[in-house]
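**Q** The file below is target_13.pdb, PDB, C-alpha atoms and all ligand atoms:
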```pdb
ATOM      1  CA  MET J   1       0.000   0.000   0.000
ATOM      2  CA  LYS J   2       1.292   3.481  -0.901
ATOM      3  CA  ILE J   3       1.306   6.260   1.712
ATOM      4  CA  LEU J   4       1.036   9.933   0.729
ATOM      5  CA  GLY J   5       2.036  12.803   3.021
ATOM      6  CA  LEU J   6       1.447  16.544   2.768
ATOM      7  CA  GLY J   7       3.280  19.237   4.725
ATOM      8  CA  GLU J   8       6.048  21.783   4.983
ATOM      9  CA  VAL J   9       9.603  20.544   5.314
ATOM     10  CA  MET J  10      12.068  22.962   6.876
ATOM     11  CA  ILE J  11      15.686  23.381   7.729
ATOM     12  CA  GLN J  12      16.112  22.906  11.461
ATOM     13  CA  LEU J  13      19.013  24.656  13.194
ATOM     14  CA  ASN J  14      19.567  22.918  16.477
ATOM     15  CA  PRO J  15      22.238  24.256  18.875
ATOM     16  CA  ILE J  16      24.798  21.727  20.030
ATOM     17  CA  ASN J  17      24.363  22.926  23.622
ATOM     18  CA  LYS J  18      21.236  23.368  25.684
ATOM     19  CA  GLY J  19      20.325  26.843  26.936
ATOM     20  CA  PRO J  20      19.096  30.202  25.657
ATOM     21  CA  LEU J  21      19.341  30.589  21.912
ATOM     22  CA  ARG J  22      20.764  34.109  22.159
ATOM     23  CA  HIS J  23      24.061  32.580  23.329
ATOM     24  CA  ALA J  24      24.136  29.646  20.897
ATOM     25  CA  THR J  25      27.025  29.794  18.441
ATOM     26  CA  LEU J  26      27.311  26.234  17.144
ATOM     27  CA  PHE J  27      24.375  24.545  15.443
ATOM     28  CA  GLU J  28      23.645  21.243  13.766
ATOM     29  CA  ARG J  29      21.635  21.538  10.577
ATOM     30  CA  HIS J  30      18.814  19.029  10.120
ATOM     31  CA  VAL J  31      15.861  18.630   7.772
ATOM     32  CA  ALA J  32      12.496  18.240   9.529
ATOM     33  CA  GLY J  33       8.773  18.848   9.377
ATOM     34  CA  SER J  34       6.116  16.950  11.255
ATOM     35  CA  GLU J  35       4.361  15.268   8.318
ATOM     36  CA  ALA J  36       7.605  14.451   6.488
ATOM     37  CA  ASN J  37       8.970  12.949   9.704
ATOM     38  CA  VAL J  38       5.954  10.621   9.800
ATOM     39  CA  ILE J  39       6.339   9.634   6.152
ATOM     40  CA  ILE J  40      10.083   8.976   6.497
ATOM     41  CA  GLY J  41       9.345   6.967   9.643
ATOM     42  CA  MET J  42       6.879   4.819   7.674
ATOM     43  CA  SER J  43       9.332   4.423   4.812
ATOM     44  CA  ARG J  44      11.910   3.071   7.281
ATOM     45  CA  LEU J  45       9.222   0.631   8.416
ATOM     46  CA  GLY J  46       8.924  -0.721   4.893
ATOM     47  CA  PHE J  47       6.078   1.282   3.323
ATOM     48  CA  SER J  48       6.243   2.797  -0.123
ATOM     49  CA  CYS J  49       5.755   6.550   0.374
ATOM     50  CA  SER J  50       5.435   9.749  -1.584
ATOM     51  CA  PHE J  51       5.391  13.301  -0.295
ATOM     52  CA  LEU J  52       3.724  16.458  -1.519
ATOM     53  CA  THR J  53       5.463  19.658  -0.479
ATOM     54  CA  VAL J  54       6.675  23.001  -1.845
ATOM     55  CA  VAL J  55      10.236  24.295  -1.451
ATOM     56  CA  GLY J  56      12.112  27.322  -2.736
ATOM     57  CA  ASN J  57      14.597  27.237  -5.582
ATOM     58  CA  ASP J  58      17.425  27.580  -3.070
ATOM     59  CA  GLU J  59      20.146  25.564  -1.361
ATOM     60  CA  PHE J  60      17.827  24.554   1.493
ATOM     61  CA  GLY J  61      15.146  23.393  -0.949
ATOM     62  CA  LYS J  62      17.765  21.154  -2.580
ATOM     63  CA  SER J  63      18.661  19.788   0.822
ATOM     64  CA  VAL J  64      14.987  18.965   1.559
ATOM     65  CA  ILE J  65      14.582  17.149  -1.764
ATOM     66  CA  SER J  66      17.790  15.168  -1.406
ATOM     67  CA  THR J  67      16.858  14.144   2.150
ATOM     68  CA  LEU J  68      13.456  12.870   1.006
ATOM     69  CA  ARG J  69      15.081  11.004  -1.902
ATOM     70  CA  SER J  70      17.773   9.494   0.275
ATOM     71  CA  GLU J  71      14.988   8.051   2.438
ATOM     72  CA  GLY J  72      13.388   6.406  -0.586
ATOM     73  CA  ILE J  73      10.446   8.825  -0.743
ATOM     74  CA  ASP J  74       8.892   9.512  -4.152
ATOM     75  CA  THR J  75       9.503  13.253  -4.771
ATOM     76  CA  ASN J  76       7.640  13.525  -8.083
ATOM     77  CA  HIS J  77       5.072  15.764  -6.406
ATOM     78  CA  VAL J  78       7.519  18.154  -4.756
ATOM     79  CA  LYS J  79       7.007  21.628  -6.237
ATOM     80  CA  ILE J  80       9.726  24.231  -6.521
ATOM     81  CA  ARG J  81       8.645  27.879  -6.248
ATOM     82  CA  GLU J  82      10.897  30.528  -7.714
ATOM     83  CA  SER J  83      11.428  33.622  -5.519
ATOM     84  CA  TYR J  84      10.108  32.084  -2.303
ATOM     85  CA  PRO J  85      12.427  30.720   0.395
ATOM     86  CA  THR J  86      12.431  27.284   1.963
ATOM     87  CA  ALA J  87      11.451  27.756   5.621
ATOM     88  CA  VAL J  88      13.930  27.622   8.485
ATOM     89  CA  TYR J  89      13.422  27.181  12.214
ATOM     90  CA  PHE J  90      15.622  27.304  15.271
ATOM     91  CA  VAL J  91      15.399  25.097  18.315
ATOM     92  CA  GLN J  92      16.053  26.005  21.939
ATOM     93  CA  ARG J  93      16.553  22.983  24.162
ATOM     94  CA  GLY J  94      16.266  22.659  27.917
ATOM     95  CA  PHE J  95      15.601  26.351  28.646
ATOM     96  CA  PRO J  96      13.738  27.792  30.481
ATOM     97  CA  VAL J  97      12.080  24.437  31.298
ATOM     98  CA  PRO J  98      14.519  21.505  31.612
ATOM     99  CA  GLY J  99      13.677  18.710  29.145
ATOM    100  CA  LYS J 100      11.442  21.015  27.086
ATOM    101  CA  THR J 101      12.154  22.277  23.580
ATOM    102  CA  THR J 102      10.967  25.585  22.121
ATOM    103  CA  VAL J 103      10.910  26.391  18.395
ATOM    104  CA  PHE J 104      11.354  29.727  16.638
ATOM    105  CA  TYR J 105       9.977  29.714  13.106
ATOM    106  CA  TYR J 106      11.202  31.711  10.102
ATOM    107  CA  ARG J 107       8.464  30.387   7.816
ATOM    108  CA  LYS J 108       6.111  33.307   7.130
ATOM    109  CA  GLY J 109       5.980  33.864   3.350
ATOM    110  CA  SER J 110       7.796  30.573   2.741
ATOM    111  CA  ALA J 111       7.497  28.633  -0.511
ATOM    112  CA  PHE J 112       5.174  26.133   1.192
ATOM    113  CA  SER J 113       2.844  28.871   2.469
ATOM    114  CA  THR J 114       1.926  29.502  -1.208
ATOM    115  CA  LEU J 115       0.543  25.941  -1.566
ATOM    116  CA  SER J 116      -2.912  26.274  -3.131
ATOM    117  CA  PRO J 117      -5.709  23.993  -4.395
ATOM    118  CA  ASP J 118      -4.057  24.094  -7.864
ATOM    119  CA  ASP J 119      -1.154  22.084  -6.419
ATOM    120  CA  ILE J 120      -3.485  19.273  -5.325
ATOM    121  CA  GLU J 121      -4.066  17.166  -8.420
ATOM    122  CA  GLU J 122      -6.266  14.090  -8.362
ATOM    123  CA  GLU J 123      -3.648  11.882  -9.976
ATOM    124  CA  ILE J 124      -1.401  12.319  -6.914
ATOM    125  CA  PHE J 125      -3.865  10.081  -5.042
ATOM    126  CA  GLN J 126      -3.580   7.251  -7.585
ATOM    127  CA  ASP J 127      -2.898   3.935  -5.777
ATOM    128  CA  VAL J 128      -2.669   5.670  -2.409
ATOM    129  CA  GLY J 129      -3.997   3.664   0.541
ATOM    130  CA  LEU J 130      -3.367   6.202   3.314
ATOM    131  CA  PHE J 131      -3.069   9.987   3.227
ATOM    132  CA  HIS J 132      -1.419  11.700   6.198
ATOM    133  CA  THR J 133      -1.228  15.338   7.211
ATOM    134  CA  SER J 134      -1.522  17.384  10.366
ATOM    135  CA  GLY J 135      -3.015  20.547  11.856
ATOM    136  CA  ILE J 136       0.179  22.443  11.022
ATOM    137  CA  THR J 137      -0.533  22.385   7.268
ATOM    138  CA  PRO J 138      -3.920  24.197   7.140
ATOM    139  CA  ALA J 139      -2.693  26.660   9.790
ATOM    140  CA  LEU J 140       0.109  28.012   7.586
ATOM    141  CA  SER J 141      -1.966  30.265   5.276
ATOM    142  CA  ASN J 142      -5.466  30.558   3.821
ATOM    143  CA  SER J 143      -4.344  28.933   0.594
ATOM    144  CA  CYS J 144      -2.747  26.060   2.569
ATOM    145  CA  ARG J 145      -6.078  25.562   4.334
ATOM    146  CA  GLU J 146      -7.956  25.482   1.019
ATOM    147  CA  ALA J 147      -5.396  23.086  -0.427
ATOM    148  CA  THR J 148      -5.735  20.785   2.585
ATOM    149  CA  SER J 149      -9.545  20.841   2.188
ATOM    150  CA  LYS J 150      -9.186  19.828  -1.445
ATOM    151  CA  ALA J 151      -6.798  17.008  -0.535
ATOM    152  CA  PHE J 152      -9.297  15.688   2.041
ATOM    153  CA  GLU J 153     -12.145  15.863  -0.481
ATOM    154  CA  ILE J 154     -10.192  13.917  -3.099
ATOM    155  CA  ALA J 155      -9.070  11.350  -0.527
ATOM    156  CA  LYS J 156     -12.648  10.837   0.675
ATOM    157  CA  ASP J 157     -13.972  10.600  -2.915
ATOM    158  CA  LYS J 158     -11.408   7.980  -3.809
ATOM    159  CA  GLY J 159     -11.872   5.962  -0.615
ATOM    160  CA  VAL J 160      -8.313   6.715   0.557
ATOM    161  CA  LYS J 161      -8.013   6.454   4.365
ATOM    162  CA  ILE J 162      -7.017   9.680   6.091
ATOM    163  CA  SER J 163      -4.760  10.000   9.082
ATOM    164  CA  PHE J 164      -4.817  13.426  10.726
ATOM    165  CA  ASP J 165      -2.744  14.565  13.704
ATOM    166  CA  THR J 166      -4.238  17.692  15.310
ATOM    167  CA  ASN J 167      -0.641  18.834  16.038
ATOM    168  CA  ILE J 168      -1.664  22.287  17.288
ATOM    169  CA  ARG J 169       1.242  24.747  17.151
ATOM    170  CA  ARG J 170       0.246  27.686  19.331
ATOM    171  CA  LYS J 171       2.498  30.023  17.386
ATOM    172  CA  LEU J 172       0.310  29.276  14.330
ATOM    173  CA  LEU J 173      -3.075  28.955  16.064
ATOM    174  CA  PRO J 174      -2.792  31.368  18.998
ATOM    175  CA  THR J 175      -6.276  30.823  20.493
ATOM    176  CA  PRO J 176      -8.358  27.657  21.081
ATOM    177  CA  GLU J 177     -11.175  29.213  19.012
ATOM    178  CA  GLU J 178      -8.855  29.685  16.019
ATOM    179  CA  ALA J 179      -7.573  26.146  16.460
ATOM    180  CA  LEU J 180     -11.078  24.629  16.488
ATOM    181  CA  ASP J 181     -12.232  26.754  13.584
ATOM    182  CA  CYS J 182      -9.213  25.787  11.477
ATOM    183  CA  LEU J 183      -9.174  22.081  12.351
ATOM    184  CA  LYS J 184     -12.827  21.046  12.639
ATOM    185  CA  GLU J 185     -13.364  20.046   8.997
ATOM    186  CA  PHE J 186     -10.221  17.878   9.054
ATOM    187  CA  ILE J 187     -11.118  16.299  12.386
ATOM    188  CA  ASP J 188     -14.518  15.502  10.870
ATOM    189  CA  LYS J 189     -13.076  13.621   7.884
ATOM    190  CA  ALA J 190     -10.214  11.711   9.535
ATOM    191  CA  ASP J 191     -10.296   7.910   9.751
ATOM    192  CA  TYR J 192      -7.319   7.742  12.128
ATOM    193  CA  LEU J 193      -7.468  10.813  14.330
ATOM    194  CA  ILE J 194      -4.339  11.436  16.373
ATOM    195  CA  THR J 195      -4.036  14.049  19.097
ATOM    196  CA  GLY J 196      -2.139  14.784  22.291
ATOM    197  CA  LEU J 197      -3.043  15.683  25.839
ATOM    198  CA  GLY J 198      -1.659  19.215  25.264
ATOM    199  CA  ASP J 199      -3.963  19.708  22.260
ATOM    200  CA  LEU J 200      -6.997  18.335  24.129
ATOM    201  CA  ASN J 201      -6.354  20.636  27.096
ATOM    202  CA  TYR J 202      -6.017  23.575  24.708
ATOM    203  CA  ILE J 203      -9.275  23.077  22.824
ATOM    204  CA  PHE J 204     -11.328  21.525  25.667
ATOM    205  CA  PRO J 205      -9.956  23.033  28.903
ATOM    206  CA  ASN J 206     -11.100  21.959  32.379
ATOM    207  CA  LEU J 207     -12.494  18.594  31.311
ATOM    208  CA  LYS J 208     -11.354  15.051  32.119
ATOM    209  CA  MET J 209      -9.657  13.194  29.273
ATOM    210  CA  GLU J 210     -12.647  10.869  28.777
ATOM    211  CA  GLU J 211     -14.945  13.897  28.413
ATOM    212  CA  GLN J 212     -12.513  15.587  26.040
ATOM    213  CA  LEU J 213     -12.446  12.435  23.935
ATOM    214  CA  GLU J 214     -16.243  12.217  23.845
ATOM    215  CA  ARG J 215     -16.310  15.823  22.595
ATOM    216  CA  LEU J 216     -13.655  15.161  19.966
ATOM    217  CA  ALA J 217     -15.352  11.925  18.858
ATOM    218  CA  SER J 218     -18.640  13.795  18.386
ATOM    219  CA  MET J 219     -16.876  16.135  15.926
ATOM    220  CA  ALA J 220     -15.180  13.278  14.054
ATOM    221  CA  SER J 221     -17.936  11.600  12.083
ATOM    222  CA  HIS J 222     -15.623   9.283  10.089
ATOM    223  CA  HIS J 223     -13.196   8.160  12.781
ATOM    224  CA  GLU J 224     -12.267   4.524  13.213
ATOM    225  CA  LEU J 225     -10.168   5.338  16.250
ATOM    226  CA  ILE J 226      -8.715   8.294  18.149
ATOM    227  CA  VAL J 227      -5.202   8.168  19.551
ATOM    228  CA  VAL J 228      -4.077  10.377  22.453
ATOM    229  CA  LYS J 229      -0.346  10.835  22.986
ATOM    230  CA  MET J 230       0.654  11.605  26.563
ATOM    231  CA  GLY J 231       4.437  12.001  26.270
ATOM    232  CA  LYS J 232       6.431   9.939  28.732
ATOM    233  CA  GLU J 233       3.173   8.678  30.281
ATOM    234  CA  GLY J 234       2.486   6.709  27.093
ATOM    235  CA  ALA J 235      -0.637   6.822  24.941
ATOM    236  CA  CYS J 236      -4.230   5.624  24.673
ATOM    237  CA  VAL J 237      -6.591   4.609  21.887
ATOM    238  CA  PHE J 238     -10.246   5.571  22.141
ATOM    239  CA  LYS J 239     -12.384   3.228  20.085
ATOM    240  CA  LYS J 240     -16.136   2.765  20.270
ATOM    241  CA  GLY J 241     -16.248   4.407  23.712
ATOM    242  CA  GLU J 242     -13.508   2.132  25.085
ATOM    243  CA  LEU J 243     -10.095   3.422  26.223
ATOM    244  CA  ILE J 244      -7.033   1.193  25.727
ATOM    245  CA  CYS J 245      -3.786   2.577  27.187
ATOM    246  CA  SER J 246      -0.130   1.636  27.153
ATOM    247  CA  PRO J 247       2.615   3.131  29.380
ATOM    248  CA  GLY J 248       5.591   5.033  27.953
ATOM    249  CA  PHE J 249       9.298   4.180  28.248
ATOM    250  CA  SER J 250      11.610   6.186  30.433
ATOM    251  CA  VAL J 251      14.684   7.595  28.622
ATOM    252  CA  GLU J 252      17.009  10.575  28.952
ATOM    253  CA  VAL J 253      15.581  13.465  26.897
ATOM    254  CA  VAL J 254      18.139  15.025  24.552
ATOM    255  CA  ASP J 255      15.633  16.675  22.205
ATOM    256  CA  GLU J 256      11.909  16.014  22.508
ATOM    257  CA  LEU J 257      11.126  17.273  18.973
ATOM    258  CA  GLY J 258       9.858  14.675  16.559
ATOM    259  CA  ALA J 259       8.789  12.156  19.212
ATOM    260  CA  GLY J 260       5.110  12.529  18.340
ATOM    261  CA  ASP J 261       5.840  12.024  14.646
ATOM    262  CA  ALA J 262       7.883   8.889  15.308
ATOM    263  CA  PHE J 263       4.933   7.677  17.394
ATOM    264  CA  ASP J 264       2.503   8.340  14.526
ATOM    265  CA  ALA J 265       4.729   6.524  12.023
ATOM    266  CA  ALA J 266       5.080   3.382  14.125
ATOM    267  CA  PHE J 267       1.418   3.422  15.181
ATOM    268  CA  LEU J 268       0.060   3.821  11.654
ATOM    269  CA  ALA J 269       2.508   1.233  10.275
ATOM    270  CA  SER J 270       1.457  -1.245  12.979
ATOM    271  CA  ILE J 271      -2.272  -0.672  12.487
ATOM    272  CA  LEU J 272      -1.925  -1.035   8.700
ATOM    273  CA  LEU J 273      -0.088  -4.313   9.285
ATOM    274  CA  LYS J 274      -3.059  -5.423  11.441
ATOM    275  CA  LYS J 275      -1.145  -5.584  14.721
ATOM    276  CA  ASP J 276      -3.489  -5.299  17.696
ATOM    277  CA  ILE J 277      -3.969  -1.997  19.495
ATOM    278  CA  HIS J 278      -1.830  -2.893  22.549
ATOM    279  CA  GLU J 279       1.093  -3.965  20.379
ATOM    280  CA  SER J 280       0.700  -0.921  18.113
ATOM    281  CA  LEU J 281       0.727   1.452  21.093
ATOM    282  CA  LYS J 282       3.774  -0.231  22.588
ATOM    283  CA  LEU J 283       5.744  -0.004  19.329
ATOM    284  CA  ALA J 284       4.656   3.614  18.860
ATOM    285  CA  ASN J 285       5.683   4.573  22.412
ATOM    286  CA  ALA J 286       9.053   2.907  21.787
ATOM    287  CA  ALA J 287       9.545   4.906  18.564
ATOM    288  CA  GLY J 288       8.750   8.152  20.408
ATOM    289  CA  ALA J 289      11.190   7.330  23.192
ATOM    290  CA  LEU J 290      13.952   6.465  20.709
ATOM    291  CA  VAL J 291      13.574   9.808  18.951
ATOM    292  CA  VAL J 292      13.889  11.926  22.115
ATOM    293  CA  SER J 293      17.267  10.348  22.846
ATOM    294  CA  ALA J 294      19.059  12.078  19.934
ATOM    295  CA  LEU J 295      19.174  15.415  18.094
ATOM    296  CA  GLY J 296      17.149  15.779  14.900
ATOM    297  CA  ASP J 297      13.654  14.503  14.101
ATOM    298  CA  ILE J 298      14.485  12.197  11.211
ATOM    299  CA  GLU J 299      17.864  10.702  12.046
ATOM    300  CA  PRO J 300      16.768   8.513  14.995
ATOM    301  CA  LEU J 301      13.570   7.183  13.344
ATOM    302  CA  PRO J 302      13.765   3.406  13.939
ATOM    303  CA  SER J 303      13.422   0.254  11.856
ATOM    304  CA  TRP J 304      11.338  -2.704  13.136
ATOM    305  CA  GLN J 305      14.523  -4.426  14.348
ATOM    306  CA  GLU J 306      15.606  -1.324  16.264
ATOM    307  CA  LEU J 307      12.172  -1.076  17.874
ATOM    308  CA  GLU J 308      12.382  -4.709  18.938
ATOM    309  CA  ASP J 309      15.905  -4.256  20.328
ATOM    310  CA  PHE J 310      14.833  -1.138  22.240
ATOM    311  CA  ILE J 311      11.795  -2.878  23.753
ATOM    312  CA  SER J 312      13.791  -6.015  24.685
ATOM    313  CA  PHE J 313      16.401  -3.872  26.373
ATOM    314  CA  GLN J 314      13.785  -1.833  28.259
ATOM    315  CA  GLU J 315      12.106  -5.050  29.391
ATOM    316  CA  GLY J 316      15.415  -6.399  30.727
ATOM    317  CA  LYS J 317      15.754  -9.003  27.965
ATOM    318  CA  GLY J 318      18.462  -7.230  26.011
ATOM    319  CA  GLU J 319      21.618  -8.706  27.577
ATOM    320  CA  LYS J 320      23.037  -9.755  24.190
ATOM    321  CA  LEU J 321      22.747  -6.181  22.862
ATOM    322  CA  LEU J 322      25.383  -5.031  25.339
ATOM    323  CA  ARG J 323      28.117  -7.122  23.741
TER
HETATM  324  O1  LIG E 401       6.951  17.456  15.309
HETATM  325  C1  LIG E 401       8.179  18.115  15.308
HETATM  326  C2  LIG E 401       7.945  19.290  14.448
HETATM  327  O2  LIG E 401       6.970  20.089  15.067
HETATM  328  C3  LIG E 401       9.088  20.185  14.249
HETATM  329  O3  LIG E 401      10.241  19.522  13.898
HETATM  330  C4  LIG E 401       8.810  21.285  13.283
HETATM  331  O4  LIG E 401       7.194  20.600  11.729
HETATM  332  C5  LIG E 401       7.515  21.346  12.603
HETATM  333  C6  LIG E 401       6.568  22.376  13.024
HETATM  334  O5  LIG E 401       5.856  22.853  12.156
HETATM  335  O6  LIG E 401       6.500  22.705  14.220
END
```
Would you write the structure of this file as structure tokens?
**A**
Amino acid sequence: MKILGLGEVMIQLNPINKGPLRHATLFERHVAGSEANVIIGMSRLGFSCSFLTVVGNDEFGKSVISTLRSEGIDTNHVKIRESYPTAVYFVQRGFPVPGKTTVFYYRKGSAFSTLSPDDIEEEIFQDVGLFHTSGITPALSNSCREATSKAFEIAKDKGVKISFDTNIRRKLLPTPEEALDCLKEFIDKADYLITGLGDLNYIFPNLKMEEQLERLASMASHHELIVVKMGKEGACVFKKGELICSPGFSVEVVDELGAGDAFDAAFLASILLKKDIHESLKLANAAGALVVSALGDIEPLPSWQELEDFISFQEGKGEKLLR
């Protein structure tokens, strides 16, 4: 089955040391973007993937394309926009809250923000079994929102399953009202709806998780299941009113960025391979934990073997891995 992703891919500048960005002088350069991270994660787990994005005709755009290609992603639908830059963002790790990462975007007016319904052609969905995007994409500009709507319409028309991660970035959707207004049509059409405790608390404050999930489920008329990521506490699946949860793994946090995307990749891959929900959650939690232990969103995305090794080690069965 072919997987199609849609989203902005950026250049990430991640300081080598933790602390306030104003004092950072040495940076690692990475390529990252939530939806692309998910697609690359699924490619590493054996799925055939293609990605729809827009980059500038610049050095960073070339870097994005070569990264996607080097991961085996079909880049036939990557568009190059003259005179618009590929977006960049900076990361601040461990300051002011230890273990937490803050991002500073330089993406306004980027090549991707010009994505419009004209870029979403029906033939892109040919042979696609699953389409994935997140709440970041429609929040980037009005034309991105219209393009995302068109992609959802085509996917629904063609019977392509949709996976949607609410992925609310408060710098893009600064109030809960804006977030709900922007995301509701995508929540409504998603088959696999993925969210996080932070997003639920933002859009449905002062409610218990079960109540928040009931509210979300009532807005999501096509959902097969809803996944809630809870960081190091693990994750739960809400299906037909039942909540199935799995605990997280405890690891040292080097850079928490990308953990949720690694989770999505392993969860979706597992569900598509018909693994049961407990097993899928466990593998997804393991993928998230692996990604927080290293810099960069894409680099630490695991293979099946690496997931198995990580879980065996965490469960005290990994003696042979030490040699
Ligand atoms: O999920 C990690 C991403 O959020 C991060 O790497 C950058 O895609 C990004 C975004 O838009 O915040």
**Q** Kindly provide the residues of region 235-310 of chain J that approach region 61-82 of chain J to within 12 Å, each paired with its closest atom pair and their distance in Å to one decimal, based on all atoms listed in the file, listed by chain and increasing number, as CSV.
**A**
```
residue,atom,partner,partner_atom,distance
J:Ile298,CA,J:Thr67,CA,9.6
J:Glu299,CA,J:Glu71,CA,10.4
J:Leu301,CA,J:Glu71,CA,11.0
```
**Q** Please provide as a CSV table (one decimal) with C-alpha atoms, in the coordinates of the input all residues within 7 Å of Pro138 (chain J), with the sequence filter that same-chain residues fewer than 6 positions apart are discarded (counting all atoms listed in the file).
**A**
```
chain,number,residue,atom,x,y,z
J,144,CYS,CA,-2.7,26.1,2.6
J,145,ARG,CA,-6.1,25.6,4.3
J,148,THR,CA,-5.7,20.8,2.6
```
**Q** Step by step, measure atom-to-atom distances between ligand LIG 401 (chain E) and each residue using only C-alpha atoms and all ligand atoms, keep those at most 10 Å, then write them as a ChimeraX atom specification.
**A** /J:7-12,30-38,87-91,102-105,107,134-137,139-140,167-172,256-262,296-298
**Q** Which of these, J:Leu13, J:Leu225, J:Val251, J:Leu272, has the shortest distance to Val292 (chain J) once you count only C-alpha atoms?
**A**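 Counting only C-alpha atoms, the residue closest to Val292 (chain J) is J:Val251.
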**Q** In Å, with one decimal, what is the gap from CA of Asn57 (chain J) to CA of Lys108 (chain J)?
**A**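 For CA of Asn57 (chain J) relative to CA of Lys108 (chain J), the distance reads 16.4 Å.
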**Q** Give me the result of the PyMOL selection byres (((chain J and resi 190-198) around 8) and not hetatm) on this file, residue by residue, as a PDB file with C-alpha atoms, in the coordinates of the input.
**A**
```pdb
ATOM      1  CA  LYS J 161      -8.013   6.454   4.365  1.00  0.00           C
ATOM      2  CA  ILE J 162      -7.017   9.680   6.091  1.00  0.00           C
ATOM      3  CA  SER J 163      -4.760  10.000   9.082  1.00  0.00           C
ATOM      4  CA  PHE J 164      -4.817  13.426  10.726  1.00  0.00           C
ATOM      5  CA  ASP J 165      -2.744  14.565  13.704  1.00  0.00           C
ATOM      6  CA  THR J 166      -4.238  17.692  15.310  1.00  0.00           C
ATOM      7  CA  ASN J 167      -0.641  18.834  16.038  1.00  0.00           C
ATOM      8  CA  PHE J 186     -10.221  17.878   9.054  1.00  0.00           C
ATOM      9  CA  ILE J 187     -11.118  16.299  12.386  1.00  0.00           C
ATOM     10  CA  ASP J 188     -14.518  15.502  10.870  1.00  0.00           C
ATOM     11  CA  LYS J 189     -13.076  13.621   7.884  1.00  0.00           C
ATOM     12  CA  ASP J 199      -3.963  19.708  22.260  1.00  0.00           C
ATOM     13  CA  LEU J 200      -6.997  18.335  24.129  1.00  0.00           C
ATOM     14  CA  ASN J 201      -6.354  20.636  27.096  1.00  0.00           C
ATOM     15  CA  TYR J 202      -6.017  23.575  24.708  1.00  0.00           C
ATOM     16  CA  MET J 209      -9.657  13.194  29.273  1.00  0.00           C
ATOM     17  CA  ALA J 220     -15.180  13.278  14.054  1.00  0.00           C
ATOM     18  CA  HIS J 222     -15.623   9.283  10.089  1.00  0.00           C
ATOM     19  CA  HIS J 223     -13.196   8.160  12.781  1.00  0.00           C
ATOM     20  CA  GLU J 224     -12.267   4.524  13.213  1.00  0.00           C
ATOM     21  CA  LEU J 225     -10.168   5.338  16.250  1.00  0.00           C
ATOM     22  CA  ILE J 226      -8.715   8.294  18.149  1.00  0.00           C
ATOM     23  CA  VAL J 227      -5.202   8.168  19.551  1.00  0.00           C
ATOM     24  CA  VAL J 228      -4.077  10.377  22.453  1.00  0.00           C
ATOM     25  CA  LYS J 229      -0.346  10.835  22.986  1.00  0.00           C
ATOM     26  CA  MET J 230       0.654  11.605  26.563  1.00  0.00           C
ATOM     27  CA  ASP J 264       2.503   8.340  14.526  1.00  0.00           C
TER      28      ASP J 264
END
```
**Q** Could you list, as a PyMOL selection string, every residue matched by the PyMOL selection byres (((chain J and resi 18) around 10) and not hetatm) in this structure?
**A** chain J and resi 14-17+19-21+23-24+91-96+98-99+101+254-255
**Q** Using only C-alpha atoms, find the one residue out of J:Leu283, J:Ile124, J:Leu216, J:Ala294 that sits nearest to Leu6 (chain J).
**A**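 Of J:Leu283, J:Ile124, J:Leu216, J:Ala294, the one nearest Leu6 (chain J), counting only C-alpha atoms, is J:Ile124.
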**Q** Pick from J:Leu207, J:Ala217, J:Leu180, J:Ala111: nearest to Val55 (chain J), with only C-alpha atoms counted?
**A** J:Ala111
**Q** Report, in Å to a single decimal, how far apart CA of Val128 (chain J) and CA of Arg44 (chain J) are.
**A**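 Computing the Euclidean distance for CA of Arg44 (chain J) and CA of Val128 (chain J) yields 17.7 Å.
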**Q** How big is the axis-aligned box around all listed atoms of region 86-100 of chain J once 6 Å goes on each side, and where's its centre, in Å to one decimal, as AutoDock Vina command-line options?
**A**
```
--center_x 14.0 --center_y 23.3 --center_z 16.8 --size_x 17.1 --size_y 21.1 --size_z 41.6
```
**Q** For CA of Val97 (chain J) and CA of Pro247 (chain J), quote the distance in Å rounded to one decimal.
**A**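 Straight-line distance from CA of Val97 (chain J) to CA of Pro247 (chain J) works out to 23.4 Å.
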**Q** Name the closest residue to Gly41 (chain J) among the candidates J:Val237, J:Ile154, J:Ala284, J:Leu115; distances are taken between atoms, counting only C-alpha atoms.
**A**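 Of J:Val237, J:Ile154, J:Ala284, J:Leu115, the one nearest Gly41 (chain J), counting only C-alpha atoms, is J:Ala284.
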